[in-house]
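For reference, upload22.cif is printed below; it contains mmCIF, C-alpha atoms.
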data_coords
loop_
_atom_site.label_atom_id
_atom_site.label_comp_id
_atom_site.auth_asym_id
_atom_site.auth_seq_id
_atom_site.Cartn_x
_atom_site.Cartn_y
_atom_site.Cartn_z
CA MET A 27 -9.71 -22.99 -24.63
CA ILE A 28 -9.04 -25.72 -27.22
CA VAL A 29 -6.81 -23.37 -29.25
CA ARG A 30 -4.97 -22.37 -26.07
CA LEU A 31 -4.34 -26.00 -25.09
CA LEU A 32 -3.18 -26.82 -28.60
CA ALA A 33 -0.70 -23.92 -28.54
CA LEU A 34 0.63 -25.08 -25.18
CA SER A 35 0.98 -28.69 -26.33
CA LEU A 36 3.00 -27.58 -29.35
CA PHE A 37 5.18 -25.38 -27.11
CA LEU A 38 5.92 -28.36 -24.87
CA LEU A 39 7.46 -30.24 -27.81
CA PRO A 40 11.26 -29.98 -28.22
CA LEU A 41 12.00 -26.60 -29.78
CA GLU A 42 14.70 -26.43 -32.42
CA ALA A 43 15.95 -23.39 -34.29
CA GLN A 44 14.65 -23.47 -37.83
CA GLN A 45 17.25 -24.37 -40.43
CA ALA A 46 17.97 -22.29 -43.49
CA ALA A 47 19.49 -23.56 -46.70
CA PRO A 48 23.31 -23.23 -46.82
CA GLY A 49 24.34 -19.67 -47.59
CA THR A 50 20.98 -18.15 -46.64
CA ARG A 51 19.17 -16.51 -43.71
CA ILE A 52 15.67 -17.08 -42.41
CA ASP A 53 13.70 -14.87 -40.02
CA TYR A 54 10.87 -16.16 -37.86
CA ASP A 55 9.15 -15.81 -34.50
CA ILE A 56 9.06 -18.34 -31.69
CA ALA A 57 5.49 -18.22 -30.40
CA ILE A 58 5.12 -18.10 -26.62
CA PRO A 59 1.52 -19.17 -25.87
CA ALA A 60 -0.80 -17.43 -23.43
CA LEU A 61 -1.53 -19.00 -20.05
CA ASN A 62 -2.49 -16.87 -17.03
CA ASP A 63 -0.81 -13.91 -18.74
CA PRO A 64 -0.59 -12.89 -22.42
CA ALA A 65 1.11 -14.64 -25.30
CA THR A 66 4.27 -13.15 -26.78
CA ARG A 67 6.98 -13.98 -29.31
CA ILE A 68 10.75 -14.12 -29.71
CA PRO A 69 12.07 -12.80 -33.07
CA VAL A 70 14.93 -14.99 -34.32
CA SER A 71 17.17 -14.98 -37.38
CA VAL A 72 19.23 -18.00 -38.44
CA PHE A 73 22.29 -17.59 -40.69
CA GLU A 74 23.29 -20.92 -42.23
CA GLY A 75 26.89 -21.04 -43.42
CA VAL A 76 28.27 -22.80 -46.44
CA LYS A 77 30.92 -24.71 -44.49
CA PRO A 78 30.86 -26.71 -41.24
CA GLY A 79 31.62 -24.82 -38.05
CA PRO A 80 30.36 -23.89 -34.60
CA SER A 81 26.77 -22.98 -33.80
CA LEU A 82 26.84 -19.57 -32.14
CA LEU A 83 23.82 -18.31 -30.23
CA LEU A 84 23.66 -14.53 -29.79
CA THR A 85 21.00 -13.32 -27.35
CA CYS A 86 20.00 -9.65 -27.44
CA GLY A 87 17.31 -7.80 -25.52
CA VAL A 88 16.95 -10.10 -22.51
CA HIS A 89 16.26 -6.79 -20.79
CA GLY A 90 13.93 -4.82 -23.04
CA PHE A 91 15.17 -1.38 -21.96
CA GLU A 92 18.78 -2.19 -22.89
CA PHE A 93 18.70 -0.76 -26.39
CA VAL A 94 22.31 -1.10 -27.60
CA PRO A 95 22.08 -4.92 -28.00
CA ILE A 96 18.70 -4.66 -29.72
CA LEU A 97 19.94 -2.09 -32.24
CA ALA A 98 23.16 -4.04 -32.74
CA ALA A 99 21.05 -7.07 -33.67
CA GLN A 100 19.31 -5.03 -36.36
CA ARG A 101 22.68 -4.00 -37.79
CA LEU A 102 23.99 -7.55 -37.73
CA LEU A 103 21.22 -8.65 -40.08
CA ASN A 104 23.17 -6.87 -42.82
CA GLU A 105 26.68 -7.41 -41.45
CA ILE A 106 26.69 -11.23 -41.36
CA ASP A 107 26.85 -12.74 -44.83
CA PRO A 108 25.81 -16.42 -44.69
CA LYS A 109 27.57 -17.02 -48.01
CA LYS A 110 30.86 -16.27 -46.22
CA LEU A 111 29.99 -18.07 -42.99
CA SER A 112 31.21 -21.36 -41.57
CA GLY A 113 28.77 -22.91 -39.13
CA ARG A 114 25.57 -21.30 -37.96
CA VAL A 115 24.56 -18.10 -36.16
CA VAL A 116 21.26 -18.07 -34.30
CA LEU A 117 20.48 -14.43 -33.55
CA VAL A 118 17.80 -13.74 -30.95
CA ARG A 119 17.06 -10.19 -32.04
CA LEU A 120 14.80 -9.28 -29.12
CA ALA A 121 14.37 -11.82 -26.34
CA HIS A 122 11.98 -9.76 -24.22
CA VAL A 123 9.43 -8.14 -26.54
CA PRO A 124 6.90 -7.15 -23.80
CA ALA A 125 9.53 -5.23 -21.79
CA PHE A 126 10.74 -3.48 -24.95
CA GLU A 127 7.26 -2.49 -26.09
CA ARG A 128 6.24 -1.28 -22.64
CA ARG A 129 9.60 0.45 -22.00
CA SER A 130 9.88 -1.60 -18.82
CA ILE A 131 13.14 -1.34 -16.85
CA PHE A 132 14.50 -4.67 -15.52
CA TYR A 133 11.13 -6.39 -15.09
CA ASN A 134 8.48 -8.07 -17.22
CA PRO A 135 5.40 -5.80 -17.30
CA TYR A 136 2.97 -8.73 -16.87
CA ASP A 137 4.48 -10.92 -14.15
CA GLY A 138 6.88 -8.45 -12.51
CA LYS A 139 9.85 -10.84 -12.85
CA ASN A 140 13.37 -10.21 -14.10
CA LEU A 141 13.74 -12.49 -17.13
CA ASN A 142 17.46 -12.73 -16.46
CA ARG A 143 16.82 -14.36 -13.08
CA VAL A 144 14.41 -17.19 -13.98
CA PHE A 145 16.39 -19.57 -16.21
CA LEU A 146 15.98 -22.37 -17.09
CA GLY A 147 12.34 -21.34 -17.08
CA SER A 148 9.15 -23.36 -17.27
CA ALA A 149 6.77 -24.20 -20.12
CA THR A 150 3.80 -23.76 -17.78
CA GLY A 151 5.10 -20.83 -15.72
CA THR A 152 4.60 -17.10 -16.02
CA GLN A 153 5.41 -15.21 -19.20
CA SER A 154 9.04 -14.59 -18.14
CA GLU A 155 9.48 -18.27 -17.31
CA ARG A 156 7.98 -19.34 -20.64
CA ILE A 157 10.35 -17.02 -22.53
CA ALA A 158 13.29 -18.41 -20.55
CA PHE A 159 12.13 -21.97 -21.29
CA ALA A 160 12.24 -21.28 -25.05
CA LEU A 161 15.63 -19.56 -24.86
CA THR A 162 17.04 -22.43 -22.81
CA GLN A 163 16.24 -24.84 -25.62
CA LEU A 164 18.12 -22.63 -28.07
CA ILE A 165 21.06 -22.57 -25.64
CA ASP A 166 21.01 -26.38 -25.50
CA GLN A 167 21.43 -26.55 -29.28
CA SER A 168 24.32 -24.07 -29.48
CA SER A 169 28.04 -24.75 -29.12
CA ILE A 170 29.08 -21.21 -28.12
CA HIS A 171 27.11 -18.29 -26.71
CA ILE A 172 27.30 -14.48 -26.56
CA ASP A 173 24.86 -12.76 -24.20
CA LEU A 174 24.77 -9.09 -25.18
CA HIS A 175 23.56 -6.57 -22.58
CA GLY A 176 23.89 -2.89 -21.69
CA GLY A 177 23.08 -0.54 -18.85
CA ASP A 178 19.34 -0.56 -18.16
CA GLY A 179 17.36 2.65 -17.67
CA THR A 180 18.73 3.39 -14.21
CA GLU A 181 22.19 1.79 -14.58
CA THR A 182 25.50 3.39 -15.41
CA LEU A 183 28.43 1.10 -16.25
CA ASP A 184 31.91 0.81 -17.65
CA ASN A 185 31.83 -1.33 -20.80
CA PHE A 186 33.16 -4.81 -20.04
CA VAL A 187 33.13 -8.44 -21.10
CA GLY A 188 32.75 -11.33 -18.67
CA THR A 189 34.24 -14.81 -18.98
CA TYR A 190 33.35 -17.94 -17.02
CA GLY A 191 35.79 -20.38 -15.45
CA GLY A 192 35.96 -22.10 -12.08
CA LYS A 193 35.57 -25.74 -11.07
CA LEU A 194 32.47 -26.39 -13.17
CA ALA A 195 33.58 -24.47 -16.26
CA GLU A 196 37.25 -25.34 -16.65
CA ARG A 197 36.80 -27.14 -19.96
CA GLN A 198 35.20 -24.20 -21.74
CA PHE A 199 37.20 -21.42 -20.08
CA GLU A 200 39.96 -21.12 -22.69
CA THR A 201 37.43 -20.73 -25.50
CA SER A 202 35.47 -18.24 -23.42
CA LEU A 203 38.66 -16.30 -22.77
CA ALA A 204 39.57 -16.26 -26.47
CA MET A 205 36.10 -14.96 -27.34
CA ALA A 206 36.35 -12.25 -24.68
CA ARG A 207 39.76 -11.11 -25.91
CA ALA A 208 38.49 -11.00 -29.48
CA PHE A 209 35.50 -8.86 -28.52
CA GLY A 210 38.01 -6.16 -27.68
CA LEU A 211 36.61 -4.27 -24.68
CA PRO A 212 39.07 -2.59 -22.28
CA ARG A 213 37.84 -4.40 -19.15
CA MET A 214 37.47 -8.14 -18.67
CA VAL A 215 35.93 -9.81 -15.60
CA ASP A 216 36.72 -13.48 -14.94
CA TYR A 217 33.78 -14.99 -13.09
CA ARG A 218 33.96 -18.33 -11.32
CA TYR A 219 31.35 -21.05 -11.61
CA ASP A 220 32.06 -23.40 -8.71
CA GLU A 221 28.67 -24.74 -7.65
CA LEU A 222 25.21 -25.44 -9.00
CA THR A 223 22.78 -22.73 -7.97
CA ARG A 224 19.41 -21.88 -9.44
CA PRO A 225 17.73 -19.90 -10.83
CA TYR A 226 20.23 -18.81 -13.46
CA SER A 227 20.75 -15.80 -15.68
CA CYS A 228 20.73 -16.44 -19.43
CA ASN A 229 24.53 -16.54 -19.63
CA ARG A 230 24.93 -18.74 -16.56
CA GLN A 231 22.38 -21.17 -18.00
CA ALA A 232 24.70 -21.56 -20.99
CA VAL A 233 27.74 -21.97 -18.74
CA ALA A 234 25.91 -24.60 -16.70
CA THR A 235 25.34 -26.68 -19.83
CA GLY A 236 29.02 -26.59 -20.80
CA LYS A 237 28.90 -23.87 -23.46
CA PRO A 238 31.77 -21.37 -23.82
CA THR A 239 30.00 -18.12 -23.00
CA ILE A 240 30.75 -14.44 -22.69
CA LEU A 241 28.64 -11.75 -21.06
CA VAL A 242 28.99 -8.39 -22.81
CA GLU A 243 27.85 -5.09 -21.27
CA ILE A 244 27.93 -1.97 -23.48
CA GLY A 245 26.12 1.32 -22.98
CA GLN A 246 24.22 2.77 -20.06
CA GLN A 247 20.97 4.25 -18.78
CA GLY A 248 18.91 2.90 -21.66
CA ARG A 249 20.78 5.04 -24.19
CA SER A 250 21.32 4.00 -27.78
CA ASP A 251 24.45 5.90 -28.78
CA ALA A 252 25.63 5.02 -32.28
CA SER A 253 29.22 4.61 -31.04
CA ASP A 254 28.10 1.94 -28.55
CA VAL A 255 26.07 0.11 -31.22
CA ASP A 256 29.14 0.19 -33.50
CA LEU A 257 31.27 -1.22 -30.67
CA ALA A 258 28.84 -4.11 -30.12
CA VAL A 259 28.62 -4.96 -33.83
CA ARG A 260 32.41 -4.92 -34.29
CA GLY A 261 32.86 -7.07 -31.21
CA VAL A 262 30.47 -9.76 -32.45
CA LEU A 263 32.14 -9.84 -35.87
CA ASN A 264 35.54 -10.11 -34.17
CA VAL A 265 34.34 -13.13 -32.18
CA LEU A 266 33.06 -14.77 -35.37
CA LYS A 267 36.50 -14.29 -36.91
CA SER A 268 38.27 -15.58 -33.80
CA GLN A 269 36.21 -18.78 -34.01
CA LYS A 270 37.00 -19.17 -37.73
CA MET A 271 33.36 -18.64 -38.63
CA LEU A 272 34.23 -15.62 -40.81
CA LEU A 273 37.40 -15.09 -42.79
CA GLY A 274 40.02 -12.68 -41.51
CA ASN A 275 41.61 -11.88 -38.18
CA PRO A 276 39.87 -9.99 -35.40
CA ALA A 277 40.72 -6.31 -35.30
CA PRO A 278 43.65 -5.81 -32.92
CA ALA A 279 42.71 -4.56 -29.47
CA LYS A 280 44.73 -3.26 -26.54
CA PRO A 281 45.23 -5.83 -23.76
CA ALA A 282 42.22 -5.72 -21.46
CA GLN A 283 42.45 -4.87 -17.79
CA ARG A 284 41.60 -8.13 -16.02
CA PHE A 285 39.49 -8.52 -12.88
CA SER A 286 38.67 -11.56 -10.78
CA GLY A 287 34.96 -11.46 -10.14
CA THR A 288 32.96 -8.76 -8.43
CA ALA A 289 31.64 -7.66 -5.06
CA GLY A 290 28.12 -6.25 -4.94
CA LEU A 291 26.33 -3.94 -2.54
CA ASN A 292 22.55 -3.74 -2.17
CA PHE A 293 20.49 -1.02 -0.61
CA SER A 294 19.22 -2.02 2.84
CA LYS A 295 17.06 1.09 3.19
CA SER A 296 14.58 2.73 0.83
CA GLY A 297 14.92 6.43 0.17
CA ILE A 298 16.90 8.81 -2.07
CA TRP A 299 20.33 7.72 -3.32
CA TYR A 300 23.23 10.19 -3.32
CA PRO A 301 26.31 8.48 -4.85
CA ASN A 302 29.81 9.78 -4.14
CA VAL A 303 31.49 7.90 -7.00
CA LYS A 304 31.16 7.27 -10.71
CA THR A 305 31.71 4.13 -12.76
CA GLY A 306 35.36 3.52 -13.54
CA ALA A 307 36.48 5.12 -10.27
CA ALA A 308 39.07 3.29 -8.17
CA VAL A 309 37.90 2.74 -4.58
CA ARG A 310 39.54 1.42 -1.45
CA LYS A 311 38.07 -0.79 1.23
CA GLY A 312 36.22 1.40 3.73
CA ASP A 313 35.49 4.25 1.30
CA THR A 314 32.00 5.75 1.52
CA LEU A 315 30.45 5.14 -1.91
CA GLY A 316 27.23 7.02 -1.29
CA THR A 317 24.41 7.73 1.12
CA VAL A 318 20.70 6.94 1.24
CA LYS A 319 18.57 9.70 2.78
CA ASP A 320 14.92 9.96 3.66
CA LEU A 321 12.54 12.49 2.11
CA LEU A 322 13.48 15.09 4.73
CA GLY A 323 17.21 14.71 4.07
CA GLY A 324 17.97 12.56 7.08
CA GLU A 325 20.65 9.93 6.63
CA LEU A 326 19.37 6.35 6.52
CA GLU A 327 22.56 4.47 5.57
CA LYS A 328 26.03 4.80 4.11
CA LEU A 329 27.27 2.31 1.55
CA ILE A 330 30.87 1.34 2.31
CA ALA A 331 33.28 -0.34 -0.11
CA PRO A 332 33.83 -3.93 1.12
CA GLU A 333 37.20 -4.18 -0.66
CA ASP A 334 39.52 -2.48 -3.14
CA GLY A 335 38.55 -2.34 -6.79
CA ILE A 336 36.89 -0.21 -9.45
CA VAL A 337 33.23 0.72 -9.73
CA LEU A 338 32.00 -1.46 -12.60
CA TYR A 339 28.31 -0.56 -12.60
CA MET A 340 25.87 1.14 -10.27
CA SER A 341 22.45 2.66 -9.83
CA ALA A 342 22.41 6.11 -11.36
CA ALA A 343 18.88 7.11 -10.37
CA PRO A 344 17.78 8.75 -7.11
CA PRO A 345 15.25 6.10 -6.00
CA ALA A 346 16.78 3.55 -3.60
CA ASN A 347 14.75 0.44 -2.85
CA SER A 348 15.68 -1.94 -0.05
CA GLY A 349 17.15 -5.18 -1.40
CA GLU A 350 17.94 -3.84 -4.87
CA ALA A 351 21.47 -3.62 -6.34
CA ALA A 352 23.31 -0.38 -5.67
CA ILE A 353 26.95 -0.76 -6.70
CA THR A 354 29.14 -3.52 -8.11
CA ILE A 355 32.92 -3.38 -7.67
CA ALA A 356 35.30 -5.30 -9.93
CA ARG A 357 38.08 -7.00 -7.97
CA PRO A 358 41.67 -6.60 -9.27
CA GLN A 359 43.19 -9.91 -10.33
CA GLN A 360 45.90 -9.93 -7.70
CA ALA A 361 43.18 -9.76 -5.05
CA GLN A 362 41.42 -12.91 -6.27
CA LYS A 363 39.70 -14.78 -3.45
CA LYS A 364 39.93 -18.54 -3.12
#
Before we go any further, please render this structure as structure tokens.
Amino acid sequence: MIVRLLALSLFLLPLEAQQAAPGTRIDYDIAIPALNDPATRIPVSVFEGVKPGPSLLLTCGVHGFEFVPILAAQRLLNEIDPKKLSGRVVLVRLAHVPAFERRSIFYNPYDGKNLNRVFLGSATGTQSERIAFALTQLIDQSSIHIDLHGGDGTETLDNFVGTYGGKLAERQFETSLAMARAFGLPRMVDYRYDELTRPYSCNRQAVATGKPTILVEIGQQGRSDASDVDLAVRGVLNVLKSQKMLLGNPAPAKPAQRFSGTAGLNFSKSGIWYPNVKTGAAVRKGDTLGTVKDLLGGELEKLIAPEDGIVLYMSAAPPANSGEAAITIARPQQAQKK
């Protein structure tokens, strides 16, 4: 009990990323103490540049079954040379170790929570909340942020990058937009941040604290295709170049197709999901996107497109659970809602 209380008291102290000597990298673990559920850790690497510059936080593995970001982080250990770096890169190599080790889709295996829905977390909360609490402190110390994700075990998606503007993020929007363009993905979604709402995702926590942030989604269904890992690594290096943290210009990319936010549909019935569409498909308002049936094949509900757009990501697995996300449609820019 004394050891446990000591660990918690140390965790409650302000957490700062460890600092390497200029031109070097250090690797360490942030210890997350046990409370009513087990202890865990967050593996972090800090690259300290030789010249002044921004402090970029790169979070990977917030969902432990999204393997492209986690493998990209391993590659980046050898791709980022601190001797050629201006500023600092704090690389969270695997934010959600328990979900990764247990092959858990979406949720923490100990508290059943989605880590990406509990920010800014709590030092005395459940394991997910304690992880979020530690990550929030790293966010607070950064000046720019990349949150790297992919399609979880049951998700299929079109690769895209998200930016954040709106009334509460106007000051950082141009930098966010420049980062998104540099990353080089063919689809870009401009999200609006107009009001304070909690809890946050990891990326929205950064946006809420005034940090230029991009959300990156690459890969699908828990796969770890080498081409997707390559795409993620190149994108991160391009952002570092765009922010003058590495020498050189970002690799040229075709202009991205721009979208103004998204419209999401949840399942209202539980049963078996039969989609009619695939990611990347153009849909029109009123189209039937799929059907949920019971175990005897009887129809329980149809999911209808609420507006025009393209299918950005969706559930690719047969189980449909009431209240869970089914399909997200990206809204063409000209259809932006006030």
I'd like to see the residues matched by the PyMOL selection byres ((chain A and resi 330) around 6) on this file, and ideally I'd get them as a short mmCIF file (atom, residue, chain, number, x, y, z; two decimals) with C-alpha atoms, in the coordinates of the input.
data_model
loop_
_atom_site.label_atom_id
_atom_site.label_comp_id
_atom_site.auth_asym_id
_atom_site.auth_seq_id
_atom_site.Cartn_x
_atom_site.Cartn_y
_atom_site.Cartn_z
CA GLY A 312 36.22 1.40 3.73
CA ASP A 313 35.49 4.25 1.30
CA THR A 314 32.00 5.75 1.52
CA LEU A 315 30.45 5.14 -1.91
CA LEU A 329 27.27 2.31 1.55
CA ALA A 331 33.28 -0.34 -0.11
#
query: atom CA of A:Asp53 and atom CA of A:Gly245, how far apart in Å?
result: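 Calculated distance between atom CA of A:Gly245 and atom CA of A:Asp53 is 26.6 Å.
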Test item: the PyMOL selection byres ((chain A and resi 177) around 8) resolved as a PDB file with C-alpha atoms, in the coordinates of the input:
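selection_18.pdb, written as the output of this step:
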ATOM      1  CA  GLU A  92      18.780  -2.190 -22.890  1.00  0.00           C
ATOM      2  CA  HIS A 175      23.560  -6.570 -22.580  1.00  0.00           C
ATOM      3  CA  GLY A 176      23.890  -2.890 -21.690  1.00  0.00           C
ATOM      4  CA  ASP A 178      19.340  -0.560 -18.160  1.00  0.00           C
ATOM      5  CA  GLY A 179      17.360   2.650 -17.670  1.00  0.00           C
ATOM      6  CA  THR A 180      18.730   3.390 -14.210  1.00  0.00           C
ATOM      7  CA  GLU A 181      22.190   1.790 -14.580  1.00  0.00           C
ATOM      8  CA  THR A 182      25.500   3.390 -15.410  1.00  0.00           C
ATOM      9  CA  LEU A 183      28.430   1.100 -16.250  1.00  0.00           C
ATOM     10  CA  GLU A 243      27.850  -5.090 -21.270  1.00  0.00           C
ATOM     11  CA  ILE A 244      27.930  -1.970 -23.480  1.00  0.00           C
ATOM     12  CA  GLY A 245      26.120   1.320 -22.980  1.00  0.00           C
ATOM     13  CA  GLN A 246      24.220   2.770 -20.060  1.00  0.00           C
ATOM     14  CA  GLN A 247      20.970   4.250 -18.780  1.00  0.00           C
ATOM     15  CA  GLY A 248      18.910   2.900 -21.660  1.00  0.00           C
TER      16      GLY A 248
END
message: I want to know what sits within 10 Å of A:Pro301, based on only C-alpha atoms, with residues of the same chain fewer than 6 positions away left out; could you give that as a VMD selection string?
response: chain A and resid 314 to 318 328 to 329 340 to 344 352 to 353
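Picture a line from atom CA of A:Gly290 to atom CA of A:Ala258; it runs 25.3 Å.
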- prompt: Which residue out of A:Gly324, A:Ala121, A:Ala43, A:Arg218 has the minimum interatomic distance to A:Gly297 when all atoms listed in the file are used?
  reply: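 Of A:Gly324, A:Ala121, A:Ala43, A:Arg218, the one nearest A:Gly297 is A:Gly324, counting all atoms listed in the file.
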Could you list, as a PDB file with C-alpha atoms, keeping the file's coordinate frame, every residue matched by the PyMOL selection byres ((chain A and resi 286) around 7) in this structure?
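Okay, out-v2.pdb is ready:
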ATOM      1  CA  VAL A 215      35.930  -9.810 -15.600  1.00  0.00           C
ATOM      2  CA  ASP A 216      36.720 -13.480 -14.940  1.00  0.00           C
ATOM      3  CA  TYR A 217      33.780 -14.990 -13.090  1.00  0.00           C
ATOM      4  CA  ARG A 284      41.600  -8.130 -16.020  1.00  0.00           C
ATOM      5  CA  PHE A 285      39.490  -8.520 -12.880  1.00  0.00           C
ATOM      6  CA  GLY A 287      34.960 -11.460 -10.140  1.00  0.00           C
ATOM      7  CA  THR A 288      32.960  -8.760  -8.430  1.00  0.00           C
ATOM      8  CA  ARG A 357      38.080  -7.000  -7.970  1.00  0.00           C
ATOM      9  CA  PRO A 358      41.670  -6.600  -9.270  1.00  0.00           C
ATOM     10  CA  GLN A 359      43.190  -9.910 -10.330  1.00  0.00           C
ATOM     11  CA  GLN A 362      41.420 -12.910  -6.270  1.00  0.00           C
TER      12      GLN A 362
END
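For the atom pair formed by atom CA of A:Thr85 and atom CA of A:Asp254, the distance is 16.9 Å, given to one decimal.
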